[in-house]
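One structure is given here, and the rest of the page talks about it.
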Amino acid sequence: MSDSLLKVENLCAGIEEKEILKGVSIEVNPGEVHVIMGPNGAGKSTLGNLIMGNPNYKVNSGKVFFEGNDITDEPTDKRAKRGIFMSFQNPLEIAGLTLSDFVRTATEAVGEKKVKFFDFKKELAKEMEVLNMDGEYAKRDLNVGFSGGEKKKAEILQLLMLSPKLAILDETDSGLDIDAVRTVSAGVEEYRKNTNGALIIITHNMNILSSLKVDKVHVLMDGKIVKSGDETLLAAINESGYGIFEKEER
Ligand SMILES: Nc1ncnc2c1ncn2[C@@H]1O[C@H](COP(=O)(O)OP(=O)(O)OP(=O)(O)O)[C@@H](O)[C@H]1O
Ligand SMILES: [Mg+2]
C-alpha cells in the first residue's frame with residue numbers, strides 16, 4: 001500500500017438523482033498543499049463533502065482511502081477522528097451554543113479525551129490573537145450574527161485548535177477584505193507551522209495562495225479533473241480562464 005495521506009480513486013458520486021462527480025482521482029501526501037479550482041457548479045464543494053463523508057452525498061463507484069484505510073463508507077465523525085477537517089463555504093449558525101463551547105466539544109470529540117478548561121482557554125486565546133479576533137467572540141453563539149469574514153475566521157480558529165492531518169478549506173477566502181485575507185493566510189501558515197498538516201484549498205482567488213508553497217493544482221470541470229499540474233497552472237488560469245481546458249477535454 002502506498003504511504004499517501006489521502007487517495008481518492010475514480011470517484012463517481014452525487015446526490016440521489018444526479019451524478020455530480022464523474023470519475024475523480026486525487027492523491028495527497030502528508031504535508032502537501034493541493035489547490036482545486038474550476039467554474040461554479042463544477043463539483044468542488046461536492047468533492048470536499050465526499051472526502052469529509054457528508055451523508056447527503058452518495059458514492060456510486062470508486063473509493064476514498066485515508067492513510068491506507070478504506071473510508072468510503074465511514075461516517076463523518078470517524079473521519080474527523082482520523083484527522084480530516086473541512087471548513088465550509090457556508091458555515092452553520094447555532095443559537096444557544098457559544099463558539100468557545102463548540103470548539104471545546106469538537107476538540108474533545110476528535111481527540112477522544114477531556115481537555116483541561118484552563119489549558120483550553122489559554123490555547124484558544126492564543127489562536128484568537130493570531131487571527132486578530134476579539135476574545136469576546138468566544139462567548140457569542142456560534143456564527144449567529146457573525147459577519148461573513150468573522151465566520152471564516154471562526155472556521156480557521158477551529159482548524160488551529162483541532163490540528164488535523166488534512167484540512168479542506170472551501171472558499172475560506174471568499175468575501176474577505178484585504179486585511180482579513182492576510183489574517184486568514186497567517187492562520188493557515190500557523191497551522192502548517194504547528195502540525196505540517198496537508199491542505200486541500202478550494203478557491204476562486206489567488207490571494208490566499210501567495211504566501212503558501214503549492215504542490216499541486218487541479219482543475220475540476222463538470223465533475224472531472226481536466227488538468228493537474230504544479231503552481232504554474234495558476235498563472236495560466238489567471239491569464240486565460242478555464243476555456244483553455246475545455247478544448248483539451250474534447
Ligand atoms: N445537495 C444538493 N442538492 C442538489 N444539487 C446539488 C447539491 N449539492 C450540489 N449540487 C449540484 O451539484 C453541482 C456541483 O455543486 P458544487 O457545490 O459541488 O459546485 P462548486 O464547484 O463547489 O461550485 P462553486 O464554485 O459555485 O462553489 C451544482 O450543479 C449543484 O447545484
Ligand atoms: Mg463550492
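Here, A, B, ... name the chains of the C-alpha cells in the order displayed, residue numbers run from 1 inside each chain, and ligands are numbered from 1 in the same displayed order.
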
From a backbone DSSP assignment, name each residue in region 10-151 of chain A labelled alpha helix (DSSP H), as a ChimeraX atom specification.
/A:44-52,76-82,99-111,117-130,148-151

Restricting it to C-alpha atoms, dump the selection as a tab-separated table (two decimals), in the first residue's frame.
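Final file, selection_33.tsv:
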chain	number	residue	atom	x	y	z
A	44	LYS	CA	-15.58	21.27	-5.95
A	45	SER	CA	-17.63	21.55	-2.75
A	46	THR	CA	-19.19	18.18	-3.53
A	47	LEU	CA	-15.72	16.61	-3.64
A	48	GLY	CA	-14.84	18.20	-0.28
A	49	ASN	CA	-18.10	16.95	1.22
A	50	LEU	CA	-17.45	13.44	-0.06
A	51	ILE	CA	-13.95	13.37	1.44
A	52	MET	CA	-15.47	14.54	4.74
A	76	THR	CA	-18.08	11.94	9.26
A	77	ASP	CA	-17.27	11.70	12.97
A	78	LYS	CA	-14.94	8.75	12.37
A	79	ARG	CA	-13.17	10.63	9.61
A	80	ALA	CA	-12.79	13.64	11.90
A	81	LYS	CA	-11.15	11.37	14.49
A	82	ARG	CA	-8.76	10.13	11.84
A	99	LEU	CA	-18.09	29.47	19.81
A	100	SER	CA	-15.87	28.54	22.75
A	101	ASP	CA	-18.08	25.60	23.84
A	102	PHE	CA	-18.39	24.40	20.27
A	103	VAL	CA	-14.62	24.36	19.71
A	104	ARG	CA	-14.05	22.65	23.08
A	105	THR	CA	-16.61	19.94	22.36
A	106	ALA	CA	-15.13	19.39	18.90
A	107	THR	CA	-11.57	19.22	20.28
A	108	GLU	CA	-12.60	16.68	22.91
A	109	ALA	CA	-14.62	14.59	20.45
A	110	VAL	CA	-11.84	14.44	17.87
A	111	GLY	CA	-9.09	13.83	20.44
A	117	PHE	CA	-10.56	24.04	30.84
A	118	PHE	CA	-7.65	26.29	31.78
A	119	ASP	CA	-5.37	24.88	29.06
A	120	PHE	CA	-8.15	25.13	26.52
A	121	LYS	CA	-8.84	28.79	27.38
A	122	LYS	CA	-5.15	29.63	27.09
A	123	GLU	CA	-4.77	27.94	23.72
A	124	LEU	CA	-7.99	29.47	22.40
A	125	ALA	CA	-6.87	32.96	23.43
A	126	LYS	CA	-3.50	32.42	21.74
A	127	GLU	CA	-5.01	31.30	18.44
A	128	MET	CA	-7.64	34.07	18.52
A	129	GLU	CA	-4.81	36.54	18.79
A	130	VAL	CA	-3.16	35.07	15.66
A	148	GLY	CA	-19.10	36.79	6.54
A	149	GLY	CA	-15.46	37.45	7.38
A	150	GLU	CA	-15.95	36.66	11.08
A	151	LYS	CA	-17.49	33.29	10.18

Let me have all residues with an atom within 9 Å of ligand 1, counting only C-alpha atoms and all ligand atoms, laid out as number ranges by chain.
A: 14-21, 37-49, 56-57, 89, 170-171, 202-204, 220-223

Emit the selected residues as a short mmCIF file (atom, residue, chain, number, x, y, z; two decimals), in the first residue's frame, including N, CA and C atoms.
data_model
loop_
_atom_site.label_atom_id
_atom_site.label_comp_id
_atom_site.auth_asym_id
_atom_site.auth_seq_id
_atom_site.Cartn_x
_atom_site.Cartn_y
_atom_site.Cartn_z
N GLY A 14 -22.68 11.67 -6.16
CA GLY A 14 -23.55 12.83 -6.29
C GLY A 14 -24.67 12.78 -5.28
N ILE A 15 -25.81 13.33 -5.68
CA ILE A 15 -26.99 13.22 -4.84
C ILE A 15 -27.92 12.24 -5.53
N GLU A 16 -28.98 11.82 -4.83
CA GLU A 16 -29.85 10.74 -5.33
C GLU A 16 -30.00 10.71 -6.86
N GLU A 17 -30.56 11.82 -7.39
CA GLU A 17 -30.97 11.76 -8.80
C GLU A 17 -29.93 12.30 -9.77
N LYS A 18 -28.76 12.69 -9.23
CA LYS A 18 -27.82 13.36 -10.13
C LYS A 18 -26.37 12.96 -9.82
N GLU A 19 -25.64 12.56 -10.87
CA GLU A 19 -24.22 12.27 -10.69
C GLU A 19 -23.46 13.59 -10.85
N ILE A 20 -22.73 13.98 -9.84
CA ILE A 20 -22.01 15.27 -9.88
C ILE A 20 -20.53 15.04 -10.19
N LEU A 21 -19.91 14.06 -9.50
CA LEU A 21 -18.51 13.73 -9.79
C LEU A 21 -18.48 12.52 -10.71
N MET A 37 -9.38 24.27 -8.36
CA MET A 37 -10.05 25.41 -8.96
C MET A 37 -11.02 24.89 -10.02
N GLY A 38 -11.90 25.77 -10.46
CA GLY A 38 -12.84 25.37 -11.50
C GLY A 38 -14.07 26.24 -11.46
N PRO A 39 -14.84 26.21 -12.53
CA PRO A 39 -16.01 27.09 -12.61
C PRO A 39 -17.06 26.78 -11.54
N ASN A 40 -17.97 27.70 -11.32
CA ASN A 40 -19.09 27.49 -10.39
C ASN A 40 -19.87 26.26 -10.82
N GLY A 41 -20.22 25.45 -9.85
CA GLY A 41 -21.04 24.27 -10.14
C GLY A 41 -20.27 23.08 -10.68
N ALA A 42 -18.95 23.15 -10.70
CA ALA A 42 -18.13 22.06 -11.27
C ALA A 42 -18.14 20.82 -10.39
N GLY A 43 -18.35 21.00 -9.07
CA GLY A 43 -18.37 19.86 -8.15
C GLY A 43 -17.28 19.95 -7.08
N LYS A 44 -16.69 21.11 -6.91
CA LYS A 44 -15.58 21.27 -5.95
C LYS A 44 -16.05 21.05 -4.51
N SER A 45 -17.12 21.73 -4.12
CA SER A 45 -17.63 21.55 -2.75
C SER A 45 -18.12 20.13 -2.55
N THR A 46 -18.72 19.57 -3.60
CA THR A 46 -19.19 18.18 -3.53
C THR A 46 -18.02 17.24 -3.22
N LEU A 47 -16.90 17.44 -3.89
CA LEU A 47 -15.72 16.61 -3.64
C LEU A 47 -15.27 16.74 -2.18
N GLY A 48 -15.21 17.98 -1.69
CA GLY A 48 -14.84 18.20 -0.28
C GLY A 48 -15.79 17.47 0.65
N ASN A 49 -17.09 17.60 0.38
CA ASN A 49 -18.10 16.95 1.22
C ASN A 49 -17.97 15.43 1.19
N ASN A 56 -25.32 13.49 2.89
CA ASN A 56 -26.24 13.92 1.82
C ASN A 56 -25.79 13.47 0.44
N TYR A 57 -24.51 13.07 0.35
CA TYR A 57 -23.98 12.68 -0.96
C TYR A 57 -23.77 11.16 -1.02
N GLN A 89 -18.02 26.39 3.04
CA GLN A 89 -18.29 27.59 2.24
C GLN A 89 -19.36 28.43 2.96
N ASP A 170 -12.88 25.25 2.00
CA ASP A 170 -13.76 25.53 0.86
C ASP A 170 -14.07 27.02 0.81
N GLU A 171 -13.39 27.71 -0.05
CA GLU A 171 -13.58 29.15 -0.25
C GLU A 171 -13.54 29.93 1.05
N ILE A 202 -9.88 24.93 -1.84
CA ILE A 202 -10.81 25.19 -2.94
C ILE A 202 -10.99 26.71 -3.00
N THR A 203 -10.68 27.29 -4.12
CA THR A 203 -10.73 28.75 -4.16
C THR A 203 -10.94 29.29 -5.57
N HIS A 204 -11.44 30.53 -5.63
CA HIS A 204 -11.55 31.23 -6.92
C HIS A 204 -10.54 32.37 -6.97
N LEU A 220 -11.04 21.32 -11.90
CA LEU A 220 -12.24 20.47 -11.93
C LEU A 220 -13.29 21.14 -12.79
N MET A 221 -13.75 20.45 -13.82
CA MET A 221 -14.80 20.99 -14.68
C MET A 221 -15.82 19.91 -14.94
N ASP A 222 -17.08 20.26 -14.72
CA ASP A 222 -18.18 19.33 -14.97
C ASP A 222 -17.91 17.94 -14.38
N GLY A 223 -17.47 17.93 -13.12
CA GLY A 223 -17.32 16.68 -12.40
C GLY A 223 -16.09 15.85 -12.73
#

Within 8 Å of Glu27 (chain A), counting only C-alpha atoms, which residues qualify if same-chain residues fewer than 5 places away don't, as a short mmCIF file (atom, residue, chain, number, x, y, z; two decimals) with C-alpha atoms, in the first residue's frame?
data_model
loop_
_atom_site.label_atom_id
_atom_site.label_comp_id
_atom_site.auth_asym_id
_atom_site.auth_seq_id
_atom_site.Cartn_x
_atom_site.Cartn_y
_atom_site.Cartn_z
CA SER A 4 -0.20 8.64 0.73
CA LEU A 5 -2.38 10.51 3.21
CA LEU A 6 -5.48 10.75 1.04
CA LYS A 7 -6.27 8.80 -2.07
CA VAL A 8 -9.47 9.36 -3.99
#

Using only C-alpha atoms, which protein or nucleic acid residues come within 10 Å of Ile26 (chain A)? Drop anything in the same chain fewer than 3 positions from it, and give the result as a PyMOL selection string.
chain A and resi 6-11+34+64+218+225+228

Please return as a VMD selection string: the residues of region 14-250 of chain A that backbone DSSP assigns to strand (DSSP E or B).
chain A and resid 14 to 15 18 to 28 33 to 37 58 to 66 69 to 70 84 to 87 94 to 98 141 to 142 166 to 170 198 to 202 216 to 221 224 to 229

Store the residues of this selection in a file with C-alpha atoms, as a PDB file, in the first residue's frame.
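As a result, again-v3.pdb now contains:
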ATOM      1  CA  GLY A  14     -23.550  12.832  -6.292  1.00  0.00           C
ATOM      2  CA  ILE A  15     -26.991  13.225  -4.836  1.00  0.00           C
ATOM      3  CA  LYS A  18     -27.816  13.363 -10.129  1.00  0.00           C
ATOM      4  CA  GLU A  19     -24.221  12.273 -10.690  1.00  0.00           C
ATOM      5  CA  ILE A  20     -22.012  15.270  -9.880  1.00  0.00           C
ATOM      6  CA  LEU A  21     -18.512  13.731  -9.790  1.00  0.00           C
ATOM      7  CA  LYS A  22     -17.750  11.619 -12.828  1.00  0.00           C
ATOM      8  CA  GLY A  23     -14.562   9.732 -12.029  1.00  0.00           C
ATOM      9  CA  VAL A  24     -12.341  11.919  -9.861  1.00  0.00           C
ATOM     10  CA  SER A  25      -8.916  10.721  -8.703  1.00  0.00           C
ATOM     11  CA  ILE A  26      -6.586  12.685  -6.468  1.00  0.00           C
ATOM     12  CA  GLU A  27      -3.688  11.701  -4.215  1.00  0.00           C
ATOM     13  CA  VAL A  28      -2.365  13.908  -1.408  1.00  0.00           C
ATOM     14  CA  VAL A  33      -0.757  21.686  -0.369  1.00  0.00           C
ATOM     15  CA  HIS A  34      -3.233  20.997  -3.186  1.00  0.00           C
ATOM     16  CA  VAL A  35      -5.439  23.607  -4.821  1.00  0.00           C
ATOM     17  CA  ILE A  36      -8.723  22.819  -6.562  1.00  0.00           C
ATOM     18  CA  MET A  37     -10.054  25.408  -8.958  1.00  0.00           C
ATOM     19  CA  LYS A  58     -23.930   9.158  -2.343  1.00  0.00           C
ATOM     20  CA  VAL A  59     -20.947   7.271  -3.746  1.00  0.00           C
ATOM     21  CA  ASN A  60     -21.892   5.299  -6.864  1.00  0.00           C
ATOM     22  CA  SER A  61     -18.444   3.845  -7.528  1.00  0.00           C
ATOM     23  CA  GLY A  62     -14.823   4.485  -6.645  1.00  0.00           C
ATOM     24  CA  LYS A  63     -13.083   4.653  -3.285  1.00  0.00           C
ATOM     25  CA  VAL A  64     -11.624   7.041  -0.730  1.00  0.00           C
ATOM     26  CA  PHE A  65      -8.575   5.974   1.317  1.00  0.00           C
ATOM     27  CA  PHE A  66      -7.027   7.796   4.263  1.00  0.00           C
ATOM     28  CA  ASN A  69      -7.642   2.680   5.151  1.00  0.00           C
ATOM     29  CA  ASP A  70     -10.744   2.444   3.014  1.00  0.00           C
ATOM     30  CA  ILE A  84      -9.768  15.123   8.450  1.00  0.00           C
ATOM     31  CA  PHE A  85     -11.257  18.604   8.778  1.00  0.00           C
ATOM     32  CA  MET A  86     -13.343  20.734   6.457  1.00  0.00           C
ATOM     33  CA  SER A  87     -14.052  24.417   6.653  1.00  0.00           C
ATOM     34  CA  ILE A  94     -26.128  27.574  16.017  1.00  0.00           C
ATOM     35  CA  ALA A  95     -28.082  29.586  18.561  1.00  0.00           C
ATOM     36  CA  GLY A  96     -27.509  28.585  22.183  1.00  0.00           C
ATOM     37  CA  LEU A  97     -24.001  27.169  21.649  1.00  0.00           C
ATOM     38  CA  THR A  98     -21.070  29.514  22.132  1.00  0.00           C
ATOM     39  CA  ASP A 141     -23.340  31.979  19.844  1.00  0.00           C
ATOM     40  CA  LEU A 142     -21.665  30.060  17.028  1.00  0.00           C
ATOM     41  CA  LEU A 166      -5.702  17.057   6.381  1.00  0.00           C
ATOM     42  CA  ALA A 167      -7.712  20.269   6.149  1.00  0.00           C
ATOM     43  CA  ILE A 168     -10.088  21.038   3.301  1.00  0.00           C
ATOM     44  CA  LEU A 169     -10.734  24.764   3.021  1.00  0.00           C
ATOM     45  CA  ASP A 170     -13.757  25.529   0.861  1.00  0.00           C
ATOM     46  CA  ALA A 198      -1.817  18.793   4.451  1.00  0.00           C
ATOM     47  CA  LEU A 199      -4.243  21.160   2.774  1.00  0.00           C
ATOM     48  CA  ILE A 200      -6.789  20.993   0.005  1.00  0.00           C
ATOM     49  CA  ILE A 201      -7.718  24.558  -0.843  1.00  0.00           C
ATOM     50  CA  ILE A 202     -10.815  25.193  -2.943  1.00  0.00           C
ATOM     51  CA  LYS A 216      -0.325  20.663  -6.982  1.00  0.00           C
ATOM     52  CA  VAL A 217      -3.177  22.422  -8.756  1.00  0.00           C
ATOM     53  CA  HIS A 218      -6.202  20.541 -10.101  1.00  0.00           C
ATOM     54  CA  VAL A 219      -8.783  21.984 -12.461  1.00  0.00           C
ATOM     55  CA  LEU A 220     -12.237  20.468 -11.932  1.00  0.00           C
ATOM     56  CA  MET A 221     -14.803  20.990 -14.679  1.00  0.00           C
ATOM     57  CA  LYS A 224     -13.953  15.719 -13.864  1.00  0.00           C
ATOM     58  CA  ILE A 225     -10.369  16.748 -13.224  1.00  0.00           C
ATOM     59  CA  VAL A 226      -9.384  18.017 -16.650  1.00  0.00           C
ATOM     60  CA  LYS A 227      -5.873  19.123 -15.721  1.00  0.00           C
ATOM     61  CA  SER A 228      -3.400  18.695 -12.837  1.00  0.00           C
ATOM     62  CA  GLY A 229      -0.062  20.402 -12.604  1.00  0.00           C
TER      63      GLY A 229
END

Gap from CA of Glu32 (chain A) to CA of Lys153 (chain A) - Å, one decimal:
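About the pair CA of Glu32 (chain A) and CA of Lys153 (chain A): they are 22.3 Å apart.
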
Please provide the set of residues having any atom within 8 Å of Asp173 (chain A), restricted to only C-alpha atoms, with same-chain residues fewer than 6 positions apart removed, written as an NGL selection string.
:A and (152 or 181 or 184 or 203 or 205 or 208)

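With only C-alpha atoms as the atoms that count, the residue of A:Ser174, A:Asn29, A:Thr232, A:Ser163 with the shortest distance to Gly187 (chain A) is A:Ser163.
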
Would you pick out the contacts of Asp3 (chain A) at 9 Å or less, using only C-alpha atoms, so that residues sharing its chain but fewer than 4 positions from it are not included, and give the list as a list in words?
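In the requested form, the answer reads Asn29, Pro30, Glu67 and Gly68 of chain A.
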
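Taking CA of Arg192 (chain A) and CA of Lys165 (chain A) as endpoints, the distance between them is 10.0 Å.
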
Would you mind reading off the distance between CA of Met206 (chain A) and CA of Asn54 (chain A), one decimal, in Å?
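Spanning CA of Met206 (chain A) to CA of Asn54 (chain A) is a straight-line distance of 27.1 Å.
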
Pick out the closest residue to ligand 2 from this set: A:Asn90, A:Gly243, A:Asn194, A:Ile156. Count only C-alpha atoms and all ligand atoms.
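Closest residue, counting only C-alpha atoms and all ligand atoms: A:Asn90.
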